[in-house]
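Have a look at the structure below before the remarks.
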Amino acid sequence: MKSGSISVPDLAGGFDLQSTLESAQTFLWQRADDGIYESTNAYGGDAWYYTVAGDDVVYVRQRNGVLEWQATIDAEQLLYRRLRLDDDLDAIFDALADDSMLEQAYQEYSGLRIVHDPFFPCVISFICSARMRVKRIHAIQIELARTFGDPLRIEETTYYSFPRPEQLAAASESNLRNLGLGFRAPYIQETAEMIATGELPVDDIREKSYEDAHEAVQVLPGVGPKIADCVALFALGHLRAVPIDTWTRQLIKLYYPMCDQGSYEATADAFRSMFGKYASYAQTYLYHNVRS
DNA sequence: ATCCAGGATGTAT
DNA sequence: ATACATCATGGA
């Protein structure tokens, strides 16, 4: 295993690993101590987290102002990408509209960054998220990898890579239902097939604008406007994407009623025109504010 | 037991 | 375009 470190004070706007990884934006990292984590702020701050990326394993923890990593590869570039360490949070929040609740959330959760997940795992994990609790979404991803992914033997420990599209496309609906996926099982199998066959051309979608990408991924069964926004944001990096879930819907009704335009698209557009091109950061911070 | 979970879909207006 | 019931499963 290689190792290295990144100085957190050098990152513009700081960084907080726990709030970033334990805030239900990504279900693809695990905490090393107990595997599945409960909720934000449930534990002290210096636990190891790890993810399996392709055939590689990457561990990371934050301690004493340093982001330490251990991995089968030189992980610095991967961490910059997956944790968006190049985002200048101060500049982003300067560019967002002045808003007292947002200011408060920015103070409260300083260092929370939007994540970047690989496309296919992001799609699958968010299809799983429909009407499912965060803890269980997490557990399901682990089960998917253990059941359909490749085993990786690394230093006496067996890890499992997240299944590739063809691996989930080959899974039967009943095998998927056995993991407790319920009505999501056929969505996952069919979506995996559409991506494996190229019916959804992922590389083309990476080149599209936010609006076009948001529309395009909704051809996938189980992907509607909300999950399409999660994919646009967390896998394609469109910081103007505003996923409106039940919590965000409540938040808007309560504190930003002028943005409540009925339909999903109109409401998301109103939120965007209120907060600007980095609206996702406003949504993410406000979301964690109401959920805490 | 009854309700709910980072929604999506089919069907009826 | 908008409103509604329905979709499995596990945990509280």
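Identifiers in the structure tokens: chain A, B, ... in order shown; residue index from 1 per chain; ligand index from 1 in order shown.
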Backbone DSSP call of alpha helix (DSSP H) for region 11-247 of chain A, listed as an MDAnalysis selection string: chainID A and resid 17:21 76:82 89:95 100:108 119:128 134:148 165:169 173:177 185:196 202:207 210:216 225:234 246:247
Write out, as a tab-separated table, each residue of chain B that has an atom at most 9 Å from chain A, together with the closest pair of atoms and their distance in Å to one decimal, counting only C-alpha atoms (C1' of nucleotides), rows going by chain and rising number.
residue	atom	partner	partner_atom	distance
B:DC4	C1'	A:Arg131	CA	8.5
B:DA5	C1'	A:Met132	CA	4.4
B:DG6	C1'	A:Asp245	CA	5.4
B:DG7	C1'	A:Ala130	CA	4.7
B:DA8	C1'	A:Gly222	CA	5.7
B:DT9	C1'	A:Gly222	CA	8.3
Distance-based interface of chain C with chain A, 7 Å, counting only C-alpha atoms (C1' of nucleotides), as a ChimeraX atom specification: /C:7-9
Backbone-only DSSP, strand (DSSP E) members of region 65-281 of chain A, as a ChimeraX atom specification: /A:66-71,151-154,157-160
